[in-house]
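**Student:** Contents are compact mmCIF, C-alpha atoms (C1' of nucleotides); file name work10.txt:
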# COMPACT_ATOMS: atom_id res chain seq x y z
CA MET R 1 13.80 216.18 -0.77
CA ASP R 2 13.52 219.91 -0.41
CA GLN R 3 15.77 222.74 0.73
CA TYR R 4 14.23 222.92 4.19
CA SER R 5 14.92 219.26 4.84
CA THR R 6 18.48 219.50 3.57
CA ARG R 7 19.09 222.45 5.87
CA LEU R 8 17.64 220.55 8.82
CA ASP R 9 19.97 217.65 8.01
CA GLY R 10 22.92 220.01 8.18
CA ILE R 11 21.83 221.72 11.37
CA PHE R 12 21.23 218.50 13.27
CA GLN R 13 24.45 217.07 11.89
CA ALA R 14 26.26 220.16 13.16
CA LEU R 15 24.81 219.60 16.63
CA ALA R 16 25.73 215.92 16.59
CA ASP R 17 29.32 216.74 17.47
CA PRO R 18 30.43 217.67 21.02
CA THR R 19 33.12 220.08 19.84
CA ARG R 20 30.64 221.99 17.75
CA ARG R 21 28.06 222.13 20.53
CA ALA R 22 30.69 223.46 22.88
CA VAL R 23 31.68 226.09 20.33
CA LEU R 24 28.06 227.22 20.06
CA MET R 25 27.77 227.49 23.84
CA GLU R 26 30.89 229.60 23.96
CA LEU R 27 29.72 231.85 21.11
CA GLY R 28 26.43 232.26 22.93
CA LYS R 29 28.39 234.45 25.35
CA GLY R 30 29.60 236.66 22.55
CA PRO R 31 31.71 236.76 19.39
CA SER R 32 35.15 235.24 19.63
CA SER R 33 38.23 234.67 17.50
CA ILE R 34 39.07 231.27 16.08
CA SER R 35 42.19 230.84 18.15
CA ASP R 36 40.42 231.83 21.37
CA LEU R 37 37.62 229.37 20.58
CA ALA R 38 40.09 226.60 19.79
CA LYS R 39 42.02 226.90 23.06
CA PRO R 40 40.05 224.46 25.21
CA PHE R 41 40.25 221.73 22.60
CA ASP R 42 43.16 219.37 22.30
CA MET R 43 42.98 219.50 18.52
CA ALA R 44 45.03 220.70 15.58
CA LEU R 45 43.81 224.03 14.25
CA PRO R 46 43.00 222.79 10.72
CA SER R 47 40.78 220.13 12.30
CA PHE R 48 39.11 222.75 14.43
CA MET R 49 38.60 224.89 11.34
CA LYS R 50 36.68 222.06 9.77
CA HIS R 51 34.20 222.29 12.61
CA ILE R 52 33.96 226.03 12.14
CA HIS R 53 33.33 225.61 8.42
CA PHE R 54 30.67 223.04 9.17
CA LEU R 55 28.91 225.35 11.60
CA GLU R 56 29.08 228.22 9.14
CA GLY R 57 27.80 226.02 6.33
CA SER R 58 24.83 225.04 8.44
CA GLY R 59 24.08 228.67 9.20
CA LEU R 60 24.52 228.39 12.95
CA ILE R 61 27.45 230.80 12.99
CA ARG R 62 28.91 233.42 10.72
CA THR R 63 32.54 234.41 10.52
CA GLN R 64 34.27 237.58 9.45
CA LYS R 65 37.93 238.09 8.81
CA GLN R 66 39.55 241.34 9.79
CA GLY R 67 43.30 241.39 9.12
CA ARG R 68 44.66 238.10 10.33
CA VAL R 69 41.88 237.51 12.86
CA ARG R 70 38.68 235.68 12.00
CA THR R 71 35.86 236.39 14.41
CA CYS R 72 32.93 234.02 14.85
CA ALA R 73 29.47 234.96 16.01
CA ILE R 74 26.40 232.85 16.62
CA GLU R 75 23.35 233.07 14.37
CA THR R 76 20.49 232.68 16.79
CA LYS R 77 17.90 232.83 14.00
CA GLN R 78 18.94 229.40 12.82
CA PHE R 79 17.91 227.82 16.10
CA ALA R 80 14.35 228.72 15.17
CA MET R 81 14.47 225.96 12.57
CA ILE R 82 15.19 223.40 15.23
CA GLU R 83 12.49 224.77 17.43
CA SER R 84 9.90 224.82 14.69
CA TRP R 85 10.70 221.23 13.81
CA LEU R 86 10.36 220.25 17.45
CA SER R 87 7.08 222.14 17.68
CA ALA R 88 5.76 220.38 14.60
CA GLN R 89 6.78 217.06 16.09
CA ARG R 90 5.16 217.85 19.41
CA ALA R 91 1.98 219.05 17.71
CA VAL R 92 1.68 215.65 16.06
CA TRP R 93 1.99 213.56 19.18
CA GLU R 94 0.05 215.94 21.38
CA GLY R 95 -2.79 215.92 18.91
CA ARG R 96 -2.84 212.16 19.29
CA ASN R 97 -2.63 212.39 23.07
CA ASP R 98 -5.61 214.69 23.21
CA ARG R 99 -7.71 212.32 21.13
CA LEU R 100 -6.62 209.36 23.28
CA GLU R 101 -7.47 211.17 26.47
CA ARG R 102 -10.94 212.12 25.32
CA PHE R 103 -11.51 208.54 24.27
CA VAL R 104 -10.44 207.20 27.67
CA LEU R 105 -12.57 209.69 29.56
CA ALA R 106 -15.58 208.88 27.43
CA GLU R 107 -15.05 205.23 28.13
CA HIS R 108 -15.02 205.75 31.89
CA ASP R 109 -17.93 208.14 31.81
CA PRO R 110 -20.64 206.61 29.63
CA GLU R 111 -22.70 209.81 29.79
CA LYS R 112 -20.07 211.48 27.66
CA LEU R 113 -20.51 209.05 24.79
CA MET L 1 33.25 213.33 27.35
CA ASP L 2 30.36 212.18 29.46
CA GLN L 3 27.27 210.05 28.99
CA TYR L 4 24.97 213.02 28.53
CA SER L 5 27.06 214.39 25.69
CA THR L 6 27.34 211.02 23.98
CA ARG L 7 23.59 210.65 24.15
CA LEU L 8 23.10 214.11 22.70
CA ASP L 9 25.47 213.18 19.85
CA GLY L 10 23.30 210.17 19.09
CA ILE L 11 20.04 212.04 19.27
CA PHE L 12 21.14 214.86 16.98
CA GLN L 13 22.72 212.34 14.66
CA ALA L 14 19.42 210.47 14.52
CA LEU L 15 17.62 213.68 13.57
CA ALA L 16 20.20 214.51 10.91
CA ASP L 17 18.60 212.07 8.50
CA PRO L 18 15.38 212.87 6.60
CA THR L 19 14.13 209.30 6.65
CA ARG L 20 14.48 209.12 10.40
CA ARG L 21 12.78 212.48 10.92
CA ALA L 22 9.89 211.34 8.76
CA VAL L 23 9.63 208.13 10.76
CA LEU L 24 9.41 210.12 13.99
CA MET L 25 6.68 212.33 12.55
CA GLU L 26 4.70 209.27 11.54
CA LEU L 27 5.16 207.62 14.94
CA GLY L 28 4.01 210.85 16.55
CA LYS L 29 0.57 209.89 15.31
CA GLY L 30 0.72 206.55 17.03
CA PRO L 31 2.55 203.21 17.15
CA SER L 32 3.09 201.49 13.84
CA SER L 33 4.59 198.31 12.44
CA ILE L 34 7.91 198.31 10.63
CA SER L 35 6.41 197.38 7.28
CA ASP L 36 3.75 200.05 7.54
CA LEU L 37 6.38 202.62 8.42
CA ALA L 38 8.61 201.53 5.57
CA LYS L 39 5.94 201.85 2.89
CA PRO L 40 6.46 205.47 1.85
CA PHE L 41 10.20 204.99 1.41
CA ASP L 42 11.77 203.69 -1.75
CA MET L 43 14.27 201.65 0.25
CA ALA L 44 15.14 198.05 0.89
CA LEU L 45 13.76 196.84 4.21
CA PRO L 46 17.16 195.91 5.73
CA SER L 47 18.32 199.47 5.02
CA PHE L 48 15.17 200.83 6.60
CA MET L 49 15.77 198.60 9.63
CA LYS L 50 19.11 200.27 10.12
CA HIS L 51 17.31 203.56 10.58
CA ILE L 52 14.96 201.94 13.05
CA HIS L 53 17.87 200.50 15.00
CA PHE L 54 19.54 203.87 15.02
CA LEU L 55 16.43 205.57 16.35
CA GLU L 56 16.01 202.90 19.01
CA GLY L 57 19.67 203.15 19.98
CA SER L 58 19.31 206.89 20.47
CA GLY L 59 16.25 206.34 22.65
CA LEU L 60 13.85 208.25 20.41
CA ILE L 61 11.73 205.17 19.75
CA ARG L 62 11.22 201.79 21.29
CA THR L 63 10.19 198.63 19.46
CA GLN L 64 8.46 195.50 20.55
CA LYS L 65 8.10 192.26 18.64
CA GLN L 66 4.89 190.31 18.88
CA GLY L 67 4.87 187.21 16.68
CA ARG L 68 6.29 188.29 13.36
CA VAL L 69 5.26 191.93 13.71
CA ARG L 70 7.54 194.51 15.30
CA THR L 71 5.73 197.60 16.46
CA CYS L 72 7.48 200.93 16.94
CA ALA L 73 6.43 203.69 19.29
CA ILE L 74 7.90 207.12 19.90
CA GLU L 75 9.65 207.98 23.16
CA THR L 76 8.58 211.54 23.76
CA LYS L 77 10.70 211.81 26.94
CA GLN L 78 13.83 211.80 24.85
CA PHE L 79 12.86 215.02 23.14
CA ALA L 80 13.27 216.68 26.51
CA MET L 81 17.01 216.29 26.11
CA ILE L 82 16.97 218.31 22.93
CA GLU L 83 14.78 220.92 24.50
CA SER L 84 16.92 221.23 27.58
CA TRP L 85 20.02 221.64 25.46
CA LEU L 86 18.28 224.33 23.43
CA SER L 87 17.15 226.02 26.63
CA ALA L 88 20.68 225.99 27.98
CA GLN L 89 21.93 227.45 24.72
CA ARG L 90 19.28 230.14 24.73
CA ALA L 91 19.97 230.98 28.36
CA VAL L 92 23.58 231.68 27.45
CA TRP L 93 22.92 234.05 24.59
CA GLU L 94 19.94 235.69 26.23
CA GLY L 95 21.97 236.32 29.34
CA ARG L 96 24.42 238.15 27.10
CA ASN L 97 21.64 240.04 25.36
CA ASP L 98 20.25 241.25 28.65
CA ARG L 99 23.62 242.56 29.75
CA LEU L 100 24.12 244.26 26.39
CA GLU L 101 20.71 245.88 26.54
CA ARG L 102 21.25 247.27 30.01
CA PHE L 103 24.59 248.61 28.88
CA VAL L 104 23.07 250.35 25.84
CA LEU L 105 20.23 251.85 27.87
CA ALA L 106 22.64 253.10 30.49
CA GLU L 107 24.72 254.69 27.80
CA HIS L 108 21.77 256.61 26.37
CA ASP L 109 20.45 257.58 29.75
CA PRO L 110 23.39 258.88 31.81
CA GLU L 111 21.27 259.09 34.96
CA LYS L 112 21.19 255.30 35.02
CA LEU L 113 24.93 255.00 35.36
C1' DC K 1 1.55 171.69 5.23
C1' DG K 2 3.18 175.04 1.97
C1' DA K 3 3.16 179.66 0.63
C1' DA K 4 3.15 184.25 2.03
C1' DT K 5 4.50 187.63 5.15
C1' DA K 6 7.48 190.19 8.41
C1' DC K 7 11.40 190.73 9.74
C1' DT K 8 16.79 189.52 10.54
C1' DG K 9 21.71 188.85 9.77
C1' DA K 10 25.64 189.30 6.94
C1' DT K 11 28.32 191.40 3.57
C1' DC K 12 29.46 194.91 0.33
C1' DC K 13 30.02 199.71 -1.51
C1' DA K 14 30.68 204.71 -1.99
C1' DT K 15 30.84 208.65 0.49
C1' DA K 16 31.24 211.48 4.54
C1' DA K 17 33.09 212.58 8.98
C1' DG K 18 36.57 213.69 12.32
C1' DG K 19 40.87 213.64 13.18
C1' DC K 20 46.13 214.12 11.71
C1' DT K 21 50.58 216.39 9.48
C1' DA K 22 53.06 219.47 6.41
C1' DA K 23 53.39 223.50 4.14
C1' DG K 24 51.77 227.78 2.93
C1' DT K 25 49.85 232.88 2.99
C1' DA K 26 48.75 237.11 5.22
C1' DT K 27 48.99 240.24 8.97
C1' DC K 28 51.02 242.24 13.02
C1' DA K 29 54.51 243.84 16.35
C1' DC K 30 59.03 245.13 17.37
C1' DG A 1 62.88 243.83 7.77
C1' DT A 2 62.24 239.79 10.58
C1' DG A 3 60.00 236.78 13.54
C1' DA A 4 55.69 235.75 15.55
C1' DT A 5 50.95 235.08 15.09
C1' DA A 6 46.53 233.73 12.94
C1' DC A 7 44.77 231.39 9.94
C1' DT A 8 44.56 228.46 5.25
C1' DT A 9 45.29 224.72 1.94
C1' DA A 10 46.12 220.12 0.78
C1' DG A 11 46.55 215.51 1.46
C1' DC A 12 46.22 211.41 4.38
C1' DC A 13 43.99 207.97 7.49
C1' DT A 14 40.50 205.41 10.07
C1' DT A 15 35.92 204.95 11.15
C1' DA A 16 31.06 205.72 10.46
C1' DT A 17 27.04 206.34 7.59
C1' DG A 18 23.40 205.33 4.47
C1' DG A 19 22.41 202.77 1.12
C1' DA A 20 22.47 198.02 -1.64
C1' DT A 21 21.91 192.66 -2.22
C1' DC A 22 21.47 187.96 -0.67
C1' DA A 23 20.04 184.57 2.22
C1' DG A 24 17.95 183.26 6.23
C1' DT A 25 14.49 182.60 10.35
C1' DA A 26 10.04 182.86 12.41
C1' DT A 27 5.21 183.52 12.23
C1' DT A 28 0.73 183.56 10.02
C1' DC A 29 -2.79 182.23 6.84
C1' DG A 30 -5.40 179.39 3.64
Just give me the structure as structure tokens.

**Tutor:**
Amino acid sequence: MDQYSTRLDGIFQALADPTRRAVLMELGKGPSSISDLAKPFDMALPSFMKHIHFLEGSGLIRTQKQGRVRTCAIETKQFAMIESWLSAQRAVWEGRNDRLERFVLAEHDPEKL
Amino acid sequence: MDQYSTRLDGIFQALADPTRRAVLMELGKGPSSISDLAKPFDMALPSFMKHIHFLEGSGLIRTQKQGRVRTCAIETKQFAMIESWLSAQRAVWEGRNDRLERFVLAEHDPEKL
DNA sequence: CGAATACTGATCCATAAGGCTAAGTATCAC
DNA sequence: GTGATACTTAGCCTTATGGATCAGTATTCG
């Protein structure tokens, strides 16, 4: 299994958690500090940090520490991987749909055969 | 946490596994039996079935048993959930980008203030 | 009918995931 | 300098995940 696939695993795994999805939505509005991000969640900070580390590991966010404050920002580029996978998936089934449709039409219109 | 979020968890979790992604790509070409699907994987069939059950549970495929053969087909509708989540995410950060851009332009062109 | 085929159910295992608490370090504000 | 603030590290726990094996059921084929 290659690098691309491993990265996809990690990205989808990151999105498979509601806390992490919510964090991404919040960061979509702009960079934010860890403690600000953590406020809406009824969770211990070390637990929340695990989510942050996971998101950073998957490339969906990057963090930067300045003094005692760590600021998180979203990495929109990484969403392109999801989108390209989805596009590839759609290309496969739409290719099949097109062939099926032409077959059906030909069947109903014998002149097309 | 609501139904929608739980379903998203399941869908992204389903996609977080390379075997399951490969299965979806194969099913994108058309319905297929379990044993045909399982052929490319060096995996015991009961283990493979777990992946199938997971995919079915997340709504990404549906299966139907006829005699001793169980046929799997993709549920393309379910991909719409992923896409709508991505769209929502993009809307958030693009909304921010638009505001940032207008702010930058206004700053460089004082007449726009 | 018996053998082959296509699953199915149950159990086990190692590892990962998603939380917790306790204790610590580093920075900041007064 | 001291107390408050913002993380950080480490260890623990329960549950889930992604595989395995074994044994079974149901259907199909010769």

**Student:** What is the atom CA of R:Gly30-atom CA of R:Ile52 distance in Å, reported with one decimal?

**Tutor:**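 Going from atom CA of R:Gly30 over to atom CA of R:Ile52 covers 15.5 Å.
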
**Student:** Provide as a list in words the residues of chain R at most 10 Å from chain K, counting all atoms listed in the file.

**Tutor:**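 Only these qualify: Asp17, Met43, Ala44, Pro46, Ser47, Phe48, Lys50, His51, Gln66, Gly67, Arg68 and Val69 of chain R.
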
**Student:** How many Å separate atom CA of L:Met81 from atom CA of R:Lys29?

**Tutor:** 21.4 Å

**Student:** Residues of chain L within 8 Å of chain R, counting all atoms listed in the file, what are they? List them as a PyMOL selection string.

**Tutor:** chain L and resi 5-6+8-13+15-18+24-25+27-30+89-90+92-93+95-96

**Student:** Can you work out the spacing between atom CA of R:Arg70 and atom C1' of A:DG1 in Å, to one decimal?

**Tutor:** 25.9 Å

**Student:** For the interface of chain A with chain L (cut-off 8 Å, counting all atoms listed in the file), please tabulate each contacting residue of chain A alongside its nearest pair of atoms and their separation in Å to one decimal, rows sorted by chain and increasing number, as a Markdown table.

**Tutor:**
| residue | atom | partner | partner_atom | distance |
| --- | --- | --- | --- | --- |
| A:DG18 | C1' | L:Ser47 | CA | 7.8 |
| A:DG19 | C1' | L:Ser47 | CA | 6.5 |
| A:DA20 | C1' | L:Ala44 | CA | 7.8 |
| A:DA26 | C1' | L:Arg68 | CA | 6.7 |
| A:DT27 | C1' | L:Arg68 | CA | 5.0 |

**Student:** Counting all atoms listed in the file, figure out which residue out of R:Ser87, R:Thr19, R:Gln64, R:Leu55 gets nearest to R:Asp42.

**Tutor:**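 Closest residue, counting all atoms listed in the file: R:Thr19.
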
**Student:** Put a box with edges along x, y and z around all the listed atoms of stretch 10-21 of chain A, pad it by 6 Å on each side, then give me its centre and sizes in Å, one decimal, as JSON.

**Tutor:**
{"center_x": 34.2, "center_y": 206.4, "center_z": 4.5, "size_x": 36.6, "size_y": 39.5, "size_z": 25.4}
